[in-house]
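Undergrad: Sharing coords_10.cif, mmCIF, C-alpha atoms and all ligand atoms:
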```cif
data_entry
#
loop_
_atom_site.group_PDB
_atom_site.id
_atom_site.type_symbol
_atom_site.label_atom_id
_atom_site.label_comp_id
_atom_site.auth_asym_id
_atom_site.auth_seq_id
_atom_site.Cartn_x
_atom_site.Cartn_y
_atom_site.Cartn_z
ATOM 1 C CA MET F 1306 16.189 -1.115 -17.017
ATOM 2 C CA ALA F 1307 12.592 -1.837 -17.993
ATOM 3 C CA ASP F 1308 10.660 1.244 -19.041
ATOM 4 C CA ILE F 1309 8.289 2.444 -16.359
ATOM 5 C CA LYS F 1310 5.374 4.714 -17.166
ATOM 6 C CA LEU F 1311 4.106 6.479 -14.080
ATOM 7 C CA LEU F 1312 1.218 8.888 -13.634
ATOM 8 C CA THR F 1313 1.456 11.396 -10.819
ATOM 9 C CA ILE F 1314 -1.630 13.310 -9.753
ATOM 10 C CA GLN F 1315 -1.229 16.419 -7.635
ATOM 11 C CA ASP F 1316 -1.507 20.190 -7.940
ATOM 12 C CA VAL F 1317 0.708 22.597 -9.831
ATOM 13 C CA SER F 1318 1.876 25.231 -7.373
ATOM 14 C CA CYS F 1319 3.461 27.467 -10.001
ATOM 15 C CA PHE F 1320 5.943 28.905 -7.520
ATOM 16 C CA GLY F 1321 7.119 27.329 -4.284
ATOM 17 C CA GLN F 1322 8.904 24.023 -4.963
ATOM 18 C CA CYS F 1323 6.297 21.481 -4.005
ATOM 19 C CA SER F 1324 3.919 18.969 -5.566
ATOM 20 C CA LEU F 1325 4.319 18.629 -9.360
ATOM 21 C CA THR F 1326 7.217 21.079 -9.734
ATOM 22 C CA VAL F 1327 9.142 18.758 -7.425
ATOM 23 C CA ALA F 1328 7.745 15.345 -8.424
ATOM 24 C CA LEU F 1329 8.279 15.729 -12.155
ATOM 25 C CA PRO F 1330 11.981 16.680 -12.097
ATOM 26 C CA ILE F 1331 12.815 14.111 -9.409
ATOM 27 C CA LEU F 1332 11.031 11.225 -11.138
ATOM 28 C CA SER F 1333 12.425 12.188 -14.550
ATOM 29 C CA ALA F 1334 15.952 12.360 -13.121
ATOM 30 C CA MET F 1335 15.377 8.860 -11.752
ATOM 31 C CA GLY F 1336 14.638 7.573 -15.234
ATOM 32 C CA ILE F 1337 10.891 7.187 -14.848
ATOM 33 C CA GLU F 1338 8.650 8.285 -17.715
ATOM 34 C CA THR F 1339 6.298 10.559 -15.818
ATOM 35 C CA ALA F 1340 2.899 11.700 -17.008
ATOM 36 C CA ILE F 1341 1.061 14.296 -14.966
ATOM 37 C CA LEU F 1342 -2.532 14.994 -14.081
ATOM 38 C CA PRO F 1343 -2.770 18.384 -12.349
ATOM 39 C CA SER F 1344 -5.540 18.485 -9.740
ATOM 40 C CA ALA F 1345 -5.434 22.282 -9.527
ATOM 41 C CA VAL F 1346 -3.247 25.208 -10.521
ATOM 42 C CA LEU F 1347 -2.233 27.620 -7.771
ATOM 43 C CA SER F 1348 -0.009 30.671 -8.138
ATOM 44 C CA THR F 1349 1.935 29.450 -5.062
ATOM 45 C CA HIS F 1350 1.473 26.766 -2.428
ATOM 46 C CA THR F 1351 -0.652 27.593 0.608
ATOM 47 C CA GLY F 1352 2.085 27.284 3.230
ATOM 48 C CA GLY F 1353 3.064 30.850 4.052
ATOM 49 C CA PHE F 1354 1.869 32.815 1.009
ATOM 50 C CA THR F 1355 -1.364 34.795 1.127
ATOM 51 C CA GLY F 1356 -3.711 35.740 -1.715
ATOM 52 C CA TYR F 1357 -2.761 32.824 -3.938
ATOM 53 C CA THR F 1358 -4.928 31.909 -6.919
ATOM 54 C CA PHE F 1359 -6.578 28.470 -7.065
ATOM 55 C CA ARG F 1360 -7.914 27.057 -10.331
ATOM 56 C CA ASP F 1361 -9.802 23.864 -9.593
ATOM 57 C CA LEU F 1362 -9.388 21.265 -12.361
ATOM 58 C CA THR F 1363 -11.811 18.707 -10.936
ATOM 59 C CA GLU F 1364 -14.042 18.486 -13.988
ATOM 60 C CA ASP F 1365 -11.070 18.096 -16.358
ATOM 61 C CA ILE F 1366 -10.002 14.885 -14.611
ATOM 62 C CA PRO F 1367 -12.694 12.512 -15.998
ATOM 63 C CA GLU F 1368 -12.318 14.006 -19.493
ATOM 64 C CA ILE F 1369 -8.555 13.477 -19.465
ATOM 65 C CA GLY F 1370 -9.080 9.933 -18.184
ATOM 66 C CA ALA F 1371 -11.678 9.196 -20.889
ATOM 67 C CA HIS F 1372 -9.271 10.383 -23.590
ATOM 68 C CA TRP F 1373 -6.474 8.188 -22.246
ATOM 69 C CA GLN F 1374 -8.831 5.218 -22.183
ATOM 70 C CA LYS F 1375 -9.731 5.862 -25.818
ATOM 71 C CA GLU F 1376 -6.048 6.074 -26.736
ATOM 72 C CA GLY F 1377 -5.282 2.881 -24.797
ATOM 73 C CA ILE F 1378 -2.779 4.712 -22.573
ATOM 74 C CA LEU F 1379 -1.845 2.525 -19.595
ATOM 75 C CA PHE F 1380 0.475 3.110 -16.645
ATOM 76 C CA ASP F 1381 2.747 0.850 -14.584
ATOM 77 C CA ALA F 1382 2.391 2.971 -11.482
ATOM 78 C CA PHE F 1383 0.375 5.810 -9.967
ATOM 79 C CA TYR F 1384 1.531 8.276 -7.341
ATOM 80 C CA THR F 1385 -0.858 10.795 -5.808
ATOM 81 C CA GLY F 1386 -0.025 13.812 -3.653
ATOM 82 C CA TYR F 1387 -2.030 16.949 -2.875
ATOM 83 C CA ILE F 1388 -5.589 16.436 -4.119
ATOM 84 C CA GLY F 1389 -7.919 19.431 -4.053
ATOM 85 C CA SER F 1390 -11.318 17.920 -3.172
ATOM 86 C CA LYS F 1391 -13.326 14.838 -2.179
ATOM 87 C CA LYS F 1392 -14.841 14.651 -5.643
ATOM 88 C CA GLN F 1393 -11.370 14.455 -7.187
ATOM 89 C CA LEU F 1394 -10.544 11.459 -5.033
ATOM 90 C CA ASN F 1395 -13.413 9.536 -6.624
ATOM 91 C CA TYR F 1396 -12.461 10.560 -10.168
ATOM 92 C CA ILE F 1397 -8.868 9.523 -9.501
ATOM 93 C CA LYS F 1398 -9.935 6.101 -8.202
ATOM 94 C CA TYR F 1399 -11.662 5.538 -11.535
ATOM 95 C CA ILE F 1400 -8.562 6.550 -13.526
ATOM 96 C CA VAL F 1401 -6.392 4.207 -11.461
ATOM 97 C CA CYS F 1402 -8.859 1.368 -12.230
ATOM 98 C CA THR F 1403 -9.169 2.083 -15.947
ATOM 99 C CA CYS F 1404 -5.660 3.272 -16.899
ATOM 100 C CA GLY F 1405 -3.507 0.820 -14.965
ATOM 101 C CA LYS F 1406 -1.644 -2.142 -16.402
ATOM 102 C CA GLU F 1407 -2.156 -5.495 -14.702
ATOM 103 C CA GLY F 1408 -0.428 -5.273 -11.306
ATOM 104 C CA ALA F 1409 0.120 -1.500 -11.549
ATOM 105 C CA ARG F 1410 1.417 -0.033 -8.296
ATOM 106 C CA PHE F 1411 -0.507 2.670 -6.460
ATOM 107 C CA ILE F 1412 1.468 4.908 -4.111
ATOM 108 C CA VAL F 1413 -0.510 7.440 -2.074
ATOM 109 C CA ASP F 1414 0.921 10.334 -0.140
ATOM 110 C CA PRO F 1415 -2.246 11.377 1.725
ATOM 111 C CA VAL F 1416 -1.278 15.065 1.772
ATOM 112 C CA MET F 1417 -3.608 16.847 4.217
ATOM 113 C CA GLY F 1418 -1.602 18.568 6.907
ATOM 114 C CA ASP F 1419 1.365 18.800 9.224
ATOM 115 C CA ASN F 1420 2.152 19.621 12.860
ATOM 116 C CA GLY F 1421 -1.312 18.533 13.969
ATOM 117 C CA LYS F 1422 -3.168 20.882 11.617
ATOM 118 C CA LEU F 1423 -4.883 20.366 8.292
ATOM 119 C CA TYR F 1424 -3.617 22.544 5.411
ATOM 120 C CA ALA F 1425 -5.811 25.467 4.306
ATOM 121 C CA GLY F 1426 -8.884 24.207 2.454
ATOM 122 C CA PHE F 1427 -9.045 20.720 4.028
ATOM 123 C CA ASP F 1428 -11.537 19.543 6.652
ATOM 124 C CA GLU F 1429 -12.368 16.376 8.566
ATOM 125 C CA ALA F 1430 -14.791 15.200 5.891
ATOM 126 C CA PHE F 1431 -11.895 15.255 3.392
ATOM 127 C CA ALA F 1432 -9.761 13.262 5.825
ATOM 128 C CA GLU F 1433 -12.525 10.645 6.104
ATOM 129 C CA GLU F 1434 -12.723 10.405 2.327
ATOM 130 C CA MET F 1435 -8.923 10.117 2.144
ATOM 131 C CA ALA F 1436 -9.090 7.170 4.560
ATOM 132 C CA ARG F 1437 -11.452 5.453 2.087
ATOM 133 C CA PHE F 1438 -9.306 6.508 -0.908
ATOM 134 C CA VAL F 1439 -6.176 4.840 0.482
ATOM 135 C CA SER F 1440 -7.995 1.494 0.631
ATOM 136 C CA SER F 1441 -6.756 0.671 -2.875
ATOM 137 C CA ALA F 1442 -3.145 1.804 -2.287
ATOM 138 C CA ASP F 1443 -0.106 -0.485 -2.294
ATOM 139 C CA VAL F 1444 1.946 1.954 -0.245
ATOM 140 C CA ILE F 1445 0.894 4.972 1.827
ATOM 141 C CA LEU F 1446 3.245 7.683 3.116
ATOM 142 C CA PRO F 1447 1.511 9.668 5.853
ATOM 143 C CA ASN F 1448 3.274 11.968 8.294
ATOM 144 C CA LEU F 1449 2.155 11.714 11.922
ATOM 145 C CA THR F 1450 -0.571 14.338 11.467
ATOM 146 C CA GLU F 1451 -1.993 12.567 8.422
ATOM 147 C CA ALA F 1452 -1.743 9.216 10.215
ATOM 148 C CA ALA F 1453 -3.856 10.575 13.080
ATOM 149 C CA TYR F 1454 -6.460 11.935 10.652
ATOM 150 C CA LEU F 1455 -6.532 8.690 8.658
ATOM 151 C CA LEU F 1456 -7.169 6.744 11.853
ATOM 152 C CA GLY F 1457 -9.661 9.331 13.166
ATOM 153 C CA GLU F 1458 -7.598 9.838 16.327
ATOM 154 C CA PRO F 1459 -6.146 12.878 18.100
ATOM 155 C CA TYR F 1460 -2.671 14.029 17.069
ATOM 156 C CA ARG F 1461 -0.197 13.354 19.883
ATOM 157 C CA GLY F 1462 2.425 15.992 19.062
ATOM 158 C CA ASP F 1463 5.799 14.866 20.413
ATOM 159 C CA ASP F 1464 4.138 12.848 23.128
ATOM 160 C CA TYR F 1465 4.628 9.324 21.770
ATOM 161 C CA ASP F 1466 6.988 6.405 22.056
ATOM 162 C CA ARG F 1467 8.024 3.325 20.093
ATOM 163 C CA ALA F 1468 4.939 1.426 21.336
ATOM 164 C CA TYR F 1469 2.645 4.102 19.865
ATOM 165 C CA ILE F 1470 4.392 3.997 16.465
ATOM 166 C CA GLU F 1471 4.408 0.203 16.414
ATOM 167 C CA GLY F 1472 0.732 0.234 17.376
ATOM 168 C CA ILE F 1473 -0.398 2.571 14.598
ATOM 169 C CA LEU F 1474 1.708 1.052 11.793
ATOM 170 C CA PRO F 1475 -0.331 -2.175 11.443
ATOM 171 C CA ARG F 1476 -3.562 -0.182 11.769
ATOM 172 C CA LEU F 1477 -2.485 2.176 8.994
ATOM 173 C CA SER F 1478 -1.515 -0.837 6.915
ATOM 174 C CA ALA F 1479 -4.959 -2.351 7.532
ATOM 175 C CA LEU F 1480 -6.580 0.653 5.792
ATOM 176 C CA SER F 1481 -5.216 -0.613 2.477
ATOM 177 C CA GLU F 1482 -3.675 -3.995 3.286
ATOM 178 C CA GLY F 1483 -0.537 -2.325 1.932
ATOM 179 C CA ASP F 1484 2.865 -1.118 3.064
ATOM 180 C CA VAL F 1485 3.357 2.013 5.135
ATOM 181 C CA VAL F 1486 6.117 4.596 5.313
ATOM 182 C CA LEU F 1487 5.428 6.855 8.281
ATOM 183 C CA THR F 1488 7.412 10.091 8.043
ATOM 184 C CA GLY F 1489 8.529 12.577 10.693
ATOM 185 C CA VAL F 1490 9.195 9.917 13.357
ATOM 186 C CA SER F 1491 11.546 10.768 16.221
ATOM 187 C CA PHE F 1492 12.487 9.079 19.501
ATOM 188 C CA ASP F 1493 15.492 11.307 20.149
ATOM 189 C CA PRO F 1494 15.357 15.119 19.842
ATOM 190 C CA LYS F 1495 18.519 15.078 17.724
ATOM 191 C CA LYS F 1496 17.190 12.553 15.175
ATOM 192 C CA LEU F 1497 14.313 12.509 12.723
ATOM 193 C CA GLY F 1498 13.347 9.826 10.250
ATOM 194 C CA VAL F 1499 10.842 7.286 9.042
ATOM 195 C CA ALA F 1500 9.265 4.019 10.138
ATOM 196 C CA THR F 1501 8.405 1.377 7.550
ATOM 197 C CA TYR F 1502 5.876 -1.436 7.788
ATOM 198 C CA ASP F 1503 5.945 -4.326 5.373
ATOM 199 C CA ALA F 1504 2.372 -5.619 5.063
ATOM 200 C CA LYS F 1505 3.428 -9.102 3.933
ATOM 201 C CA THR F 1506 5.866 -9.861 6.731
ATOM 202 C CA GLY F 1507 4.741 -7.410 9.417
ATOM 203 C CA GLU F 1508 8.377 -6.283 9.636
ATOM 204 C CA ILE F 1509 8.950 -2.809 11.059
ATOM 205 C CA GLY F 1510 12.037 -0.804 10.104
ATOM 206 C CA TYR F 1511 13.408 2.570 11.163
ATOM 207 C CA TYR F 1512 15.843 4.982 9.592
ATOM 208 C CA PHE F 1513 16.968 8.252 11.150
ATOM 209 C CA GLU F 1514 19.128 11.188 10.169
ATOM 210 C CA GLU F 1515 20.235 14.325 11.971
ATOM 211 C CA ARG F 1516 17.258 16.565 12.858
ATOM 212 C CA ILE F 1517 17.650 20.045 11.397
ATOM 213 C CA GLU F 1518 15.537 22.436 13.446
ATOM 214 C CA GLY F 1519 12.630 24.245 11.826
ATOM 215 C CA ALA F 1520 10.101 23.515 9.136
ATOM 216 C CA PHE F 1521 11.091 22.988 5.507
ATOM 217 C CA HIS F 1522 8.179 23.327 3.159
ATOM 218 C CA GLY F 1523 7.762 20.728 0.399
ATOM 219 C CA THR F 1524 10.038 18.135 1.975
ATOM 220 C CA GLY F 1525 7.113 15.692 2.158
ATOM 221 C CA ASP F 1526 6.777 15.923 -1.625
ATOM 222 C CA VAL F 1527 10.536 15.689 -2.172
ATOM 223 C CA TYR F 1528 10.597 12.599 0.039
ATOM 224 C CA ALA F 1529 7.554 10.888 -1.519
ATOM 225 C CA SER F 1530 8.804 11.551 -5.072
ATOM 226 C CA ALA F 1531 12.257 10.106 -4.397
ATOM 227 C CA PHE F 1532 10.706 7.148 -2.560
ATOM 228 C CA THR F 1533 8.338 6.462 -5.457
ATOM 229 C CA GLY F 1534 11.142 6.677 -8.019
ATOM 230 C CA ALA F 1535 13.352 4.330 -6.017
ATOM 231 C CA LEU F 1536 10.557 1.805 -5.515
ATOM 232 C CA CYS F 1537 9.727 1.862 -9.232
ATOM 233 C CA ARG F 1538 13.421 1.406 -10.055
ATOM 234 C CA GLY F 1539 13.397 -1.890 -8.145
ATOM 235 C CA ASN F 1540 14.465 -0.920 -4.639
ATOM 236 C CA SER F 1541 12.736 -2.646 -1.722
ATOM 237 C CA LEU F 1542 10.385 -0.713 0.562
ATOM 238 C CA LYS F 1543 13.150 -0.219 3.138
ATOM 239 C CA GLU F 1544 15.820 0.684 0.560
ATOM 240 C CA ALA F 1545 13.526 3.220 -1.095
ATOM 241 C CA ALA F 1546 12.591 4.721 2.292
ATOM 242 C CA VAL F 1547 16.284 5.056 3.232
ATOM 243 C CA LEU F 1548 17.351 6.534 -0.104
ATOM 244 C CA ALA F 1549 14.569 9.111 0.070
ATOM 245 C CA VAL F 1550 15.708 10.196 3.574
ATOM 246 C CA ASP F 1551 19.323 10.502 2.373
ATOM 247 C CA PHE F 1552 18.190 12.624 -0.582
ATOM 248 C CA THR F 1553 15.810 14.831 1.413
ATOM 249 C CA ILE F 1554 18.388 15.656 4.088
ATOM 250 C CA ARG F 1555 20.822 16.702 1.356
ATOM 251 C CA ALA F 1556 18.153 18.941 -0.182
ATOM 252 C CA ILE F 1557 17.572 20.529 3.240
ATOM 253 C CA ARG F 1558 21.301 21.022 3.851
ATOM 254 C CA ALA F 1559 21.670 22.657 0.428
ATOM 255 C CA THR F 1560 18.992 25.176 1.478
ATOM 256 C CA LEU F 1561 20.504 26.124 4.842
ATOM 257 C CA PRO F 1562 22.922 28.853 3.650
ATOM 258 C CA GLU F 1563 19.998 30.738 2.060
ATOM 259 C CA ARG F 1564 17.328 29.638 4.438
ATOM 260 C CA LYS F 1565 15.923 33.147 5.108
ATOM 261 C CA GLU F 1566 15.311 34.048 1.453
ATOM 262 C CA HIS F 1567 14.543 30.466 0.439
ATOM 263 C CA TRP F 1568 11.913 29.819 3.133
ATOM 264 C CA TYR F 1569 9.241 28.495 0.738
ATOM 265 C CA GLY F 1570 10.875 25.214 -0.331
ATOM 266 C CA VAL F 1571 14.099 23.236 -0.455
ATOM 267 C CA LYS F 1572 16.858 23.298 -3.050
ATOM 268 C CA PHE F 1573 16.412 19.676 -4.069
ATOM 269 C CA GLU F 1574 17.993 20.383 -7.482
ATOM 270 C CA GLU F 1575 21.422 20.478 -5.863
ATOM 271 C CA ALA F 1576 20.953 16.967 -4.488
ATOM 272 C CA LEU F 1577 19.776 15.382 -7.772
ATOM 273 C CA PRO F 1578 23.273 14.234 -8.841
ATOM 274 C CA TYR F 1579 23.580 12.401 -5.501
ATOM 275 C CA LEU F 1580 20.183 10.748 -6.026
ATOM 276 C CA ILE F 1581 21.035 9.600 -9.540
ATOM 277 C CA GLY F 1582 24.353 8.205 -8.288
ATOM 278 C CA ARG F 1583 22.537 6.059 -5.722
ATOM 279 C CA LEU F 1584 20.178 4.362 -8.194
ATOM 280 C CA PRO F 1585 20.595 0.701 -9.117
ATOM 281 C CA LYS F 1586 22.585 0.469 -12.350
HETATM 282 O O1 LIG U 1 3.597 20.183 0.001
HETATM 283 C C1 LIG U 1 2.263 19.897 0.139
HETATM 284 C C2 LIG U 1 1.420 20.906 -0.595
HETATM 285 C C3 LIG U 1 1.120 20.690 -1.921
HETATM 286 N N1 LIG U 1 0.372 21.553 -2.629
HETATM 287 C C4 LIG U 1 -0.076 22.685 -2.058
HETATM 288 C C5 LIG U 1 0.198 22.966 -0.736
HETATM 289 C C6 LIG U 1 0.961 22.052 0.022
HETATM 290 C C7 LIG U 1 1.246 22.312 1.427
HETATM 291 O O2 LIG U 1 1.003 23.341 1.973
HETATM 292 O O3 LIG U 1 -0.231 24.113 -0.202
HETATM 293 C C8 LIG U 1 -0.908 23.635 -2.868
#
```
Spell out the structure here as structure tokens.

TA:
Amino acid sequence: MADIKLLTIQDVSCFGQCSLTVALPILSAMGIETAILPSAVLSTHTGGFTGYTFRDLTEDIPEIGAHWQKEGILFDAFYTGYIGSKKQLNYIKYIVCTCGKEGARFIVDPVMGDNGKLYAGFDEAFAEEMARFVSSADVILPNLTEAAYLLGEPYRGDDYDRAYIEGILPRLSALSEGDVVLTGVSFDPKKLGVATYDAKTGEIGYYFEERIEGAFHGTGDVYASAFTGALCRGNSLKEAAVLAVDFTIRAIRATLPERKEHWYGVKFEEALPYLIGRLPK
């Protein structure tokens, strides 16, 4: 396997199994050399904890980038998740331009919200900036809430059909002229999955698994990390999207016996051996 150097940019939520504490172990387990650029350090994530600390690292980002440029450090791929501010988005764009190898891939999970609501600390102005930020992405992975915000349209809740999904996929793709993996798609109450859109061919694909009722925090990050690793390891868009679903559902199932105490994240660690076993040799 060719060595792949990837840079992931997202926050460190010290406790809570999301963002970098999920991305780094998953990508490393998948054999990807993973460098990190923390956008902020929080004591916990913002989804259910109160009184968390938030250390903004915005002004460290250009300094870190300048040092890498001086050292000639270059990456094969970039993967961004939770980004703390509009200003950071602009700094990150610059790093992607200056620290990428020729043809470097740029995968953006436009983390902003879920279930129709923006996460604490985000507003519509951030969503508008995120829509501009994704213009240089090769692949974007919005959920349905983020898709609505990226397109500047109302969130439809469960009130949508295949025609709606197949209508928004090409429009999401047009934001970046790149591929799309839309997460949290369901046409049957018992099934939940993803829709993929290949920008080159216009091909739409679906993949569903059993829906497990309730919300599982951090699964978007678990999914996007596994997807990114699989894509970088040579899987196609569809294969990577499928593998990431298969991994994420196993992480959720591993959490179910302790769901009450383990409400803040999923036990993805237990599913890592499965993920490694599914990688191309
Ligand atoms: O999982 C997305 C995420 C990442 N980082 C922080 C969050 C969230 C979602 O709530 O709060 C800090």

Undergrad: I need the residue nearest Cys1319 (chain F) from this list: F:Ile1412, F:Pro1343, F:Met1335, F:Asp1466. Use all atoms listed in the file for the distance.

TA: F:Pro1343

Undergrad: Would you list the residues that come within 6 Å of ligand LIG 1 (chain U)? Count all atoms listed in the file and give the answer as a PyMOL selection string.

TA: chain F and resi 1316+1318+1323-1324+1350-1352+1387+1424+1523+1526

Undergrad: Residues near Leu1548 (chain F), anyone? I mean within 10 Å using only C-alpha atoms, not counting same-chain ones fewer than 6 positions away, as an MDAnalysis selection string.

TA: chainID F and resid 1512 1528 1531:1532 1535:1536 1540 1580 1583:1584

Undergrad: For CA of Thr1560 (chain F) and CA of Ile1517 (chain F), determine how far apart the two atoms are, in Å to one decimal place.

TA: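 It comes out at 11.2 Å.
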
Undergrad: Work out how far CA of Asp1414 (chain F) is from CA of Gly1386 (chain F), in Å to one decimal.

TA: 5.0 Å

Undergrad: Give me the result of the PyMOL selection byres (((chain F and resi 1518-1521) around 10) and not hetatm) on this file, residue by residue, as a VMD selection string.

TA: chain F and resid 1419 to 1420 1494 to 1495 1515 to 1517 1522 to 1525 1556 to 1557 1560 to 1561 1564 1567 to 1571

Undergrad: Write the residues you've just listed into a file as a PDB file, in the frame of the given file, and include C-alpha atoms for each of them.

TA:
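Once written, result.pdb looks like this:
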```pdb
ATOM      1  CA  ASP F1419       1.365  18.800   9.224  1.00  0.00           C
ATOM      2  CA  ASN F1420       2.152  19.621  12.860  1.00  0.00           C
ATOM      3  CA  PRO F1494      15.357  15.119  19.842  1.00  0.00           C
ATOM      4  CA  LYS F1495      18.519  15.078  17.724  1.00  0.00           C
ATOM      5  CA  GLU F1515      20.235  14.325  11.971  1.00  0.00           C
ATOM      6  CA  ARG F1516      17.258  16.565  12.858  1.00  0.00           C
ATOM      7  CA  ILE F1517      17.650  20.045  11.397  1.00  0.00           C
ATOM      8  CA  HIS F1522       8.179  23.327   3.159  1.00  0.00           C
ATOM      9  CA  GLY F1523       7.762  20.728   0.399  1.00  0.00           C
ATOM     10  CA  THR F1524      10.038  18.135   1.975  1.00  0.00           C
ATOM     11  CA  GLY F1525       7.113  15.692   2.158  1.00  0.00           C
ATOM     12  CA  ALA F1556      18.153  18.941  -0.182  1.00  0.00           C
ATOM     13  CA  ILE F1557      17.572  20.529   3.240  1.00  0.00           C
ATOM     14  CA  THR F1560      18.992  25.176   1.478  1.00  0.00           C
ATOM     15  CA  LEU F1561      20.504  26.124   4.842  1.00  0.00           C
ATOM     16  CA  ARG F1564      17.328  29.638   4.438  1.00  0.00           C
ATOM     17  CA  HIS F1567      14.543  30.466   0.439  1.00  0.00           C
ATOM     18  CA  TRP F1568      11.913  29.819   3.133  1.00  0.00           C
ATOM     19  CA  TYR F1569       9.241  28.495   0.738  1.00  0.00           C
ATOM     20  CA  GLY F1570      10.875  25.214  -0.331  1.00  0.00           C
ATOM     21  CA  VAL F1571      14.099  23.236  -0.455  1.00  0.00           C
TER      22      VAL F1571
END
```

Undergrad: Residues near region 1353-1362 of chain F, anyone? I mean within 9 Å using all atoms listed in the file, not counting same-chain ones fewer than 6 positions away, as a PyMOL selection string.

TA: chain F and resi 1343-1347+1389-1390+1393+1568-1569
